>>> print(open('input.pdb').read())   # PDB, C-alpha atoms, pLDDT in the B column
ATOM      1  CA  MET A   1     -79.989  53.783  68.713  1.00 45.00           C
ATOM      2  CA  SER A   2     -82.495  51.255  67.402  1.00 43.00           C
ATOM      3  CA  ASP A   3     -82.026  47.515  67.786  1.00 41.00           C
ATOM      4  CA  GLN A   4     -81.391  47.311  64.036  1.00 43.00           C
ATOM      5  CA  THR A   5     -78.395  49.690  64.164  1.00 46.00           C
ATOM      6  CA  ARG A   6     -77.034  48.584  67.557  1.00 48.00           C
ATOM      7  CA  PRO A   7     -74.152  46.123  67.131  1.00 48.00           C
ATOM      8  CA  HIS A   8     -74.692  42.565  68.297  1.00 50.00           C
ATOM      9  CA  PRO A   9     -72.900  41.650  71.534  1.00 55.00           C
ATOM     10  CA  GLY A  10     -69.310  40.693  70.828  1.00 65.00           C
ATOM     11  CA  GLN A  11     -69.044  42.946  67.770  1.00 85.00           C
ATOM     12  CA  GLU A  12     -67.755  45.813  69.859  1.00 93.00           C
ATOM     13  CA  LEU A  13     -64.742  45.990  72.126  1.00 95.00           C
ATOM     14  CA  SER A  14     -63.928  48.210  75.066  1.00 95.00           C
ATOM     15  CA  VAL A  15     -60.787  50.325  74.936  1.00 95.00           C
ATOM     16  CA  GLY A  16     -59.087  47.842  77.290  1.00 95.00           C
ATOM     17  CA  GLU A  17     -60.025  44.903  75.073  1.00 96.00           C
ATOM     18  CA  VAL A  18     -58.692  46.710  72.010  1.00 96.00           C
ATOM     19  CA  ALA A  19     -55.451  47.497  73.845  1.00 96.00           C
ATOM     20  CA  THR A  20     -55.060  43.867  74.924  1.00 95.00           C
ATOM     21  CA  ARG A  21     -55.890  42.410  71.511  1.00 94.00           C
ATOM     22  CA  SER A  22     -53.810  44.881  69.486  1.00 94.00           C
ATOM     23  CA  GLY A  23     -50.852  45.396  71.813  1.00 94.00           C
ATOM     24  CA  VAL A  24     -51.409  49.156  71.467  1.00 95.00           C
ATOM     25  CA  PRO A  25     -51.428  51.072  74.767  1.00 96.00           C
ATOM     26  CA  VAL A  26     -54.680  52.765  75.769  1.00 96.00           C
ATOM     27  CA  SER A  27     -52.941  56.163  75.610  1.00 96.00           C
ATOM     28  CA  ALA A  28     -51.996  55.487  71.978  1.00 96.00           C
ATOM     29  CA  LEU A  29     -55.583  54.454  71.184  1.00 96.00           C
ATOM     30  CA  HIS A  30     -56.812  57.760  72.596  1.00 96.00           C
ATOM     31  CA  PHE A  31     -54.163  59.594  70.558  1.00 96.00           C
ATOM     32  CA  TYR A  32     -55.113  57.746  67.347  1.00 95.00           C
ATOM     33  CA  GLU A  33     -58.743  58.605  67.965  1.00 95.00           C
ATOM     34  CA  ARG A  34     -57.961  62.295  68.531  1.00 94.00           C
ATOM     35  CA  GLU A  35     -55.934  62.255  65.304  1.00 93.00           C
ATOM     36  CA  GLY A  36     -58.841  60.750  63.365  1.00 90.00           C
ATOM     37  CA  LEU A  37     -57.128  57.434  62.613  1.00 92.00           C
ATOM     38  CA  ILE A  38     -59.696  55.317  64.466  1.00 93.00           C
ATOM     39  CA  ARG A  39     -63.252  55.895  65.681  1.00 91.00           C
ATOM     40  CA  SER A  40     -65.356  54.752  68.584  1.00 93.00           C
ATOM     41  CA  ARG A  41     -68.844  55.361  69.790  1.00 94.00           C
ATOM     42  CA  ARG A  42     -69.805  56.289  73.335  1.00 92.00           C
ATOM     43  CA  THR A  43     -72.194  54.242  75.430  1.00 91.00           C
ATOM     44  CA  ALA A  44     -74.860  55.805  77.622  1.00 92.00           C
ATOM     45  CA  GLY A  45     -72.256  55.623  80.405  1.00 93.00           C
ATOM     46  CA  ASN A  46     -69.752  57.540  78.210  1.00 91.00           C
ATOM     47  CA  GLN A  47     -67.493  54.513  77.655  1.00 92.00           C
ATOM     48  CA  ARG A  48     -65.733  54.013  74.343  1.00 93.00           C
ATOM     49  CA  ARG A  49     -66.787  51.091  72.184  1.00 95.00           C
ATOM     50  CA  PHE A  50     -64.862  50.076  69.086  1.00 95.00           C
ATOM     51  CA  ARG A  51     -66.027  47.853  66.258  1.00 92.00           C
ATOM     52  CA  ARG A  52     -63.900  44.731  65.840  1.00 91.00           C
ATOM     53  CA  GLU A  53     -62.481  45.905  62.512  1.00 89.00           C
ATOM     54  CA  VAL A  54     -60.519  48.542  64.446  1.00 92.00           C
ATOM     55  CA  LEU A  55     -58.014  45.745  65.131  1.00 93.00           C
ATOM     56  CA  ARG A  56     -57.213  45.470  61.413  1.00 90.00           C
ATOM     57  CA  ARG A  57     -57.052  49.250  61.112  1.00 90.00           C
ATOM     58  CA  LEU A  58     -54.608  49.380  64.042  1.00 94.00           C
ATOM     59  CA  SER A  59     -52.459  46.709  62.401  1.00 91.00           C
ATOM     60  CA  PHE A  60     -52.387  48.814  59.244  1.00 88.00           C
ATOM     61  CA  ILE A  61     -51.355  51.898  61.251  1.00 92.00           C
ATOM     62  CA  ARG A  62     -48.660  50.080  63.224  1.00 93.00           C
ATOM     63  CA  ILE A  63     -47.138  48.383  60.171  1.00 89.00           C
ATOM     64  CA  ALA A  64     -47.049  51.685  58.286  1.00 90.00           C
ATOM     65  CA  GLN A  65     -45.446  53.406  61.290  1.00 91.00           C
ATOM     66  CA  ARG A  66     -42.888  50.618  61.645  1.00 90.00           C
ATOM     67  CA  VAL A  67     -41.584  51.287  58.133  1.00 87.00           C
ATOM     68  CA  GLY A  68     -41.471  55.031  58.781  1.00 87.00           C
ATOM     69  CA  ILE A  69     -44.650  56.314  57.144  1.00 90.00           C
ATOM     70  CA  PRO A  70     -45.636  59.567  58.902  1.00 91.00           C
ATOM     71  CA  LEU A  71     -49.006  59.605  60.691  1.00 92.00           C
ATOM     72  CA  ALA A  72     -50.252  62.412  58.461  1.00 92.00           C
ATOM     73  CA  GLU A  73     -49.662  60.218  55.407  1.00 90.00           C
ATOM     74  CA  ILE A  74     -51.284  57.219  57.104  1.00 91.00           C
ATOM     75  CA  ARG A  75     -54.329  59.364  57.928  1.00 91.00           C
ATOM     76  CA  SER A  76     -54.484  60.632  54.360  1.00 90.00           C
ATOM     77  CA  SER A  77     -54.363  57.076  53.034  1.00 87.00           C
ATOM     78  CA  LEU A  78     -57.089  55.916  55.403  1.00 87.00           C
ATOM     79  CA  ASP A  79     -59.192  58.964  54.527  1.00 87.00           C
ATOM     80  CA  SER A  80     -58.948  58.002  50.861  1.00 86.00           C
ATOM     81  CA  LEU A  81     -60.880  54.781  51.489  1.00 84.00           C
ATOM     82  CA  PRO A  82     -64.592  54.894  50.657  1.00 81.00           C
ATOM     83  CA  ASP A  83     -66.850  55.528  53.659  1.00 76.00           C
ATOM     84  CA  GLY A  84     -63.854  55.419  56.005  1.00 73.00           C
ATOM     85  CA  ARG A  85     -63.799  51.637  55.789  1.00 79.00           C
ATOM     86  CA  THR A  86     -61.069  49.452  57.189  1.00 80.00           C
ATOM     87  CA  PRO A  87     -58.408  48.584  54.591  1.00 81.00           C
ATOM     88  CA  ASN A  88     -58.873  45.231  52.890  1.00 84.00           C
ATOM     89  CA  ARG A  89     -56.224  43.217  51.027  1.00 87.00           C
ATOM     90  CA  LYS A  90     -56.704  45.179  47.783  1.00 89.00           C
ATOM     91  CA  ASP A  91     -56.489  48.509  49.653  1.00 85.00           C
ATOM     92  CA  TRP A  92     -53.276  47.402  51.348  1.00 83.00           C
ATOM     93  CA  GLU A  93     -51.722  46.391  48.027  1.00 87.00           C
ATOM     94  CA  GLU A  94     -52.597  49.754  46.457  1.00 86.00           C
ATOM     95  CA  LEU A  95     -51.510  51.876  49.412  1.00 85.00           C
ATOM     96  CA  SER A  96     -48.281  49.978  49.973  1.00 84.00           C
ATOM     97  CA  ALA A  97     -47.456  50.359  46.262  1.00 86.00           C
ATOM     98  CA  GLN A  98     -47.878  54.124  46.630  1.00 85.00           C
ATOM     99  CA  TRP A  99     -45.446  54.108  49.552  1.00 87.00           C
ATOM    100  CA  ARG A 100     -42.892  51.906  47.794  1.00 89.00           C
ATOM    101  CA  ALA A 101     -41.017  54.732  46.013  1.00 87.00           C
ATOM    102  CA  ASP A 102     -40.742  56.686  49.256  1.00 86.00           C
ATOM    103  CA  LEU A 103     -39.506  53.593  51.093  1.00 88.00           C
ATOM    104  CA  ASP A 104     -36.981  52.853  48.342  1.00 91.00           C
ATOM    105  CA  ASP A 105     -35.702  56.434  48.661  1.00 90.00           C
ATOM    106  CA  ARG A 106     -35.415  56.090  52.442  1.00 87.00           C
ATOM    107  CA  ILE A 107     -33.526  52.820  52.071  1.00 90.00           C
ATOM    108  CA  HIS A 108     -31.136  54.474  49.612  1.00 90.00           C
ATOM    109  CA  ARG A 109     -30.545  57.416  51.972  1.00 85.00           C
ATOM    110  CA  LEU A 110     -29.968  55.082  54.930  1.00 85.00           C
ATOM    111  CA  GLN A 111     -27.475  53.008  52.941  1.00 86.00           C
ATOM    112  CA  GLN A 112     -25.722  56.199  51.873  1.00 80.00           C
ATOM    113  CA  LEU A 113     -25.647  57.411  55.463  1.00 75.00           C
ATOM    114  CA  ARG A 114     -24.266  54.068  56.635  1.00 78.00           C
ATOM    115  CA  ASP A 115     -21.587  53.997  53.956  1.00 76.00           C
ATOM    116  CA  ASP A 116     -20.576  57.652  54.359  1.00 69.00           C
ATOM    117  CA  PHE A 117     -20.607  57.419  58.138  1.00 65.00           C
ATOM    118  CA  THR A 118     -18.368  54.367  58.050  1.00 63.00           C
ATOM    119  CA  GLY A 119     -16.021  56.083  55.599  1.00 60.00           C
ATOM    120  CA  CYS A 120     -15.764  59.135  57.822  1.00 61.00           C
ATOM    121  CA  ILE A 121     -14.969  57.065  60.884  1.00 54.00           C
ATOM    122  CA  GLY A 122     -12.498  55.093  58.761  1.00 53.00           C
ATOM    123  CA  CYS A 123     -10.311  58.128  58.066  1.00 55.00           C
ATOM    124  CA  GLY A 124      -9.699  58.518  61.782  1.00 53.00           C
ATOM    125  CA  CYS A 125      -9.700  62.297  62.112  1.00 57.00           C
ATOM    126  CA  LEU A 126     -13.433  62.811  62.805  1.00 58.00           C
ATOM    127  CA  SER A 127     -12.983  66.466  61.888  1.00 61.00           C
ATOM    128  CA  LEU A 128     -14.424  67.161  58.451  1.00 57.00           C
ATOM    129  CA  ASP A 129     -13.226  70.749  58.478  1.00 55.00           C
ATOM    130  CA  ARG A 130      -9.618  69.474  58.463  1.00 57.00           C
ATOM    131  CA  CYS A 131     -10.035  66.260  56.508  1.00 66.00           C
ATOM    132  CA  GLY A 132      -7.863  66.362  53.398  1.00 65.00           C
ATOM    133  CA  LEU A 133      -9.600  63.369  51.859  1.00 66.00           C
ATOM    134  CA  VAL A 134     -13.288  64.111  52.363  1.00 68.00           C
ATOM    135  CA  ASN A 135     -13.451  67.873  52.787  1.00 69.00           C
ATOM    136  CA  PRO A 136     -10.237  69.561  51.625  1.00 72.00           C
ATOM    137  CA  HIS A 137     -10.017  73.211  52.697  1.00 71.00           C
ATOM    138  CA  ASP A 138     -13.501  72.951  54.238  1.00 73.00           C
ATOM    139  CA  ARG A 139     -15.112  73.290  50.796  1.00 75.00           C
ATOM    140  CA  LEU A 140     -18.385  71.838  52.124  1.00 74.00           C
ATOM    141  CA  ALA A 141     -18.872  74.945  54.293  1.00 76.00           C
ATOM    142  CA  ALA A 142     -20.051  76.739  51.140  1.00 81.00           C
ATOM    143  CA  ASP A 143     -22.960  74.257  50.882  1.00 79.00           C
ATOM    144  CA  GLY A 144     -24.445  75.313  54.224  1.00 77.00           C
ATOM    145  CA  PRO A 145     -24.407  74.258  57.847  1.00 76.00           C
ATOM    146  CA  GLY A 146     -24.613  70.751  59.211  1.00 70.00           C
ATOM    147  CA  PRO A 147     -23.373  67.350  58.048  1.00 67.00           C
ATOM    148  CA  ARG A 148     -23.405  68.079  54.316  1.00 66.00           C
ATOM    149  CA  ARG A 149     -22.123  64.649  53.267  1.00 63.00           C
ATOM    150  CA  LEU A 150     -24.735  62.881  55.348  1.00 60.00           C
ATOM    151  CA  VAL A 151     -27.792  64.680  53.954  1.00 57.00           C
ATOM    152  CA  SER A 152     -29.106  64.363  50.447  1.00 53.00           C
TER     153      SER A 152
END
>>> encode(input="input.pdb", output="structure tokens")
Amino acid sequence: MSDQTRPHPGQELSVGEVATRSGVPVSALHFYEREGLIRSRRTAGNQRRFRREVLRRLSFIRIAQRVGIPLAEIRSSLDSLPDGRTPNRKDWEELSAQWRADLDDRIHRLQQLRDDFTGCIGCGCLSLDRCGLVNPHDRLAADGPGPRRLVS
């Protein structure tokens, strides 16, 4: 690597420094790298070195995971950025807008689950195959196996 392409000291972080700064365990950093979510270069001594912007990329990944976005979708979103760059404010606004409908649907399903679950417990019998109010004559059996009222 020429001096012109080699990062200036302090622009790169070791895997331990990234883990400390981001709060992401080293094992998760290795996993994210294997999954193509982050990248590092190897030194002559075969040590990983990450550019500082990996911290922002990790924040993006962790926030998306926290709200339930699957890693495959996070990877796809990151892959959609030009030249594999780290998301900026505009990118975040666009990507989060794309996820909004999915998140709204998840919220709706969770509220439905909460409300139906509470209603089931409220009847007291806890046996849907005998419940005269929720599932008379086990009519939900015709819809297939599993908790039919709790899936949409």
>>> atom_distance(input="input.pdb", atom1="atom CA of Ser77 of chain A", atom2="atom CA of Trp92 of chain A")
9.9 Å
>>> closest_residue(input="input.pdb", among="A:Leu13, A:Ala97, A:Leu110, A:Ala141", to="Arg41 of chain A", atoms="all atoms listed in the file")
A:Leu13
>>> residues_around(input="input.pdb", residues="Ser59 of chain A", least_positions_apart="3", cutoff="12 Å", atoms="all atoms listed in the file", output="PDB file with C-alpha atoms, in the frame of the given file")
ATOM      1  CA  VAL A  18     -58.692  46.710  72.010  1.00 96.00           C
ATOM      2  CA  ALA A  19     -55.451  47.497  73.845  1.00 96.00           C
ATOM      3  CA  ARG A  21     -55.890  42.410  71.511  1.00 94.00           C
ATOM      4  CA  SER A  22     -53.810  44.881  69.486  1.00 94.00           C
ATOM      5  CA  GLY A  23     -50.852  45.396  71.813  1.00 94.00           C
ATOM      6  CA  VAL A  24     -51.409  49.156  71.467  1.00 95.00           C
ATOM      7  CA  LEU A  37     -57.128  57.434  62.613  1.00 92.00           C
ATOM      8  CA  ILE A  38     -59.696  55.317  64.466  1.00 93.00           C
ATOM      9  CA  GLU A  53     -62.481  45.905  62.512  1.00 89.00           C
ATOM     10  CA  VAL A  54     -60.519  48.542  64.446  1.00 92.00           C
ATOM     11  CA  LEU A  55     -58.014  45.745  65.131  1.00 93.00           C
ATOM     12  CA  ARG A  56     -57.213  45.470  61.413  1.00 90.00           C
ATOM     13  CA  ARG A  62     -48.660  50.080  63.224  1.00 93.00           C
ATOM     14  CA  ILE A  63     -47.138  48.383  60.171  1.00 89.00           C
ATOM     15  CA  ALA A  64     -47.049  51.685  58.286  1.00 90.00           C
ATOM     16  CA  GLN A  65     -45.446  53.406  61.290  1.00 91.00           C
ATOM     17  CA  ARG A  66     -42.888  50.618  61.645  1.00 90.00           C
ATOM     18  CA  ILE A  74     -51.284  57.219  57.104  1.00 91.00           C
ATOM     19  CA  THR A  86     -61.069  49.452  57.189  1.00 80.00           C
ATOM     20  CA  PRO A  87     -58.408  48.584  54.591  1.00 81.00           C
ATOM     21  CA  ASN A  88     -58.873  45.231  52.890  1.00 84.00           C
ATOM     22  CA  TRP A  92     -53.276  47.402  51.348  1.00 83.00           C
TER      23      TRP A  92
END
>>> closest_residue(input="input.pdb", among="A:Val15, A:Pro25, A:Arg100, A:Thr20", to="Gly68 of chain A", atoms="all atoms listed in the file")
A:Arg100
>>> atom_distance(input="input.pdb", atom1="atom CA of Gly16 of chain A", atom2="atom CA of Leu81 of chain A")
26.8 Å
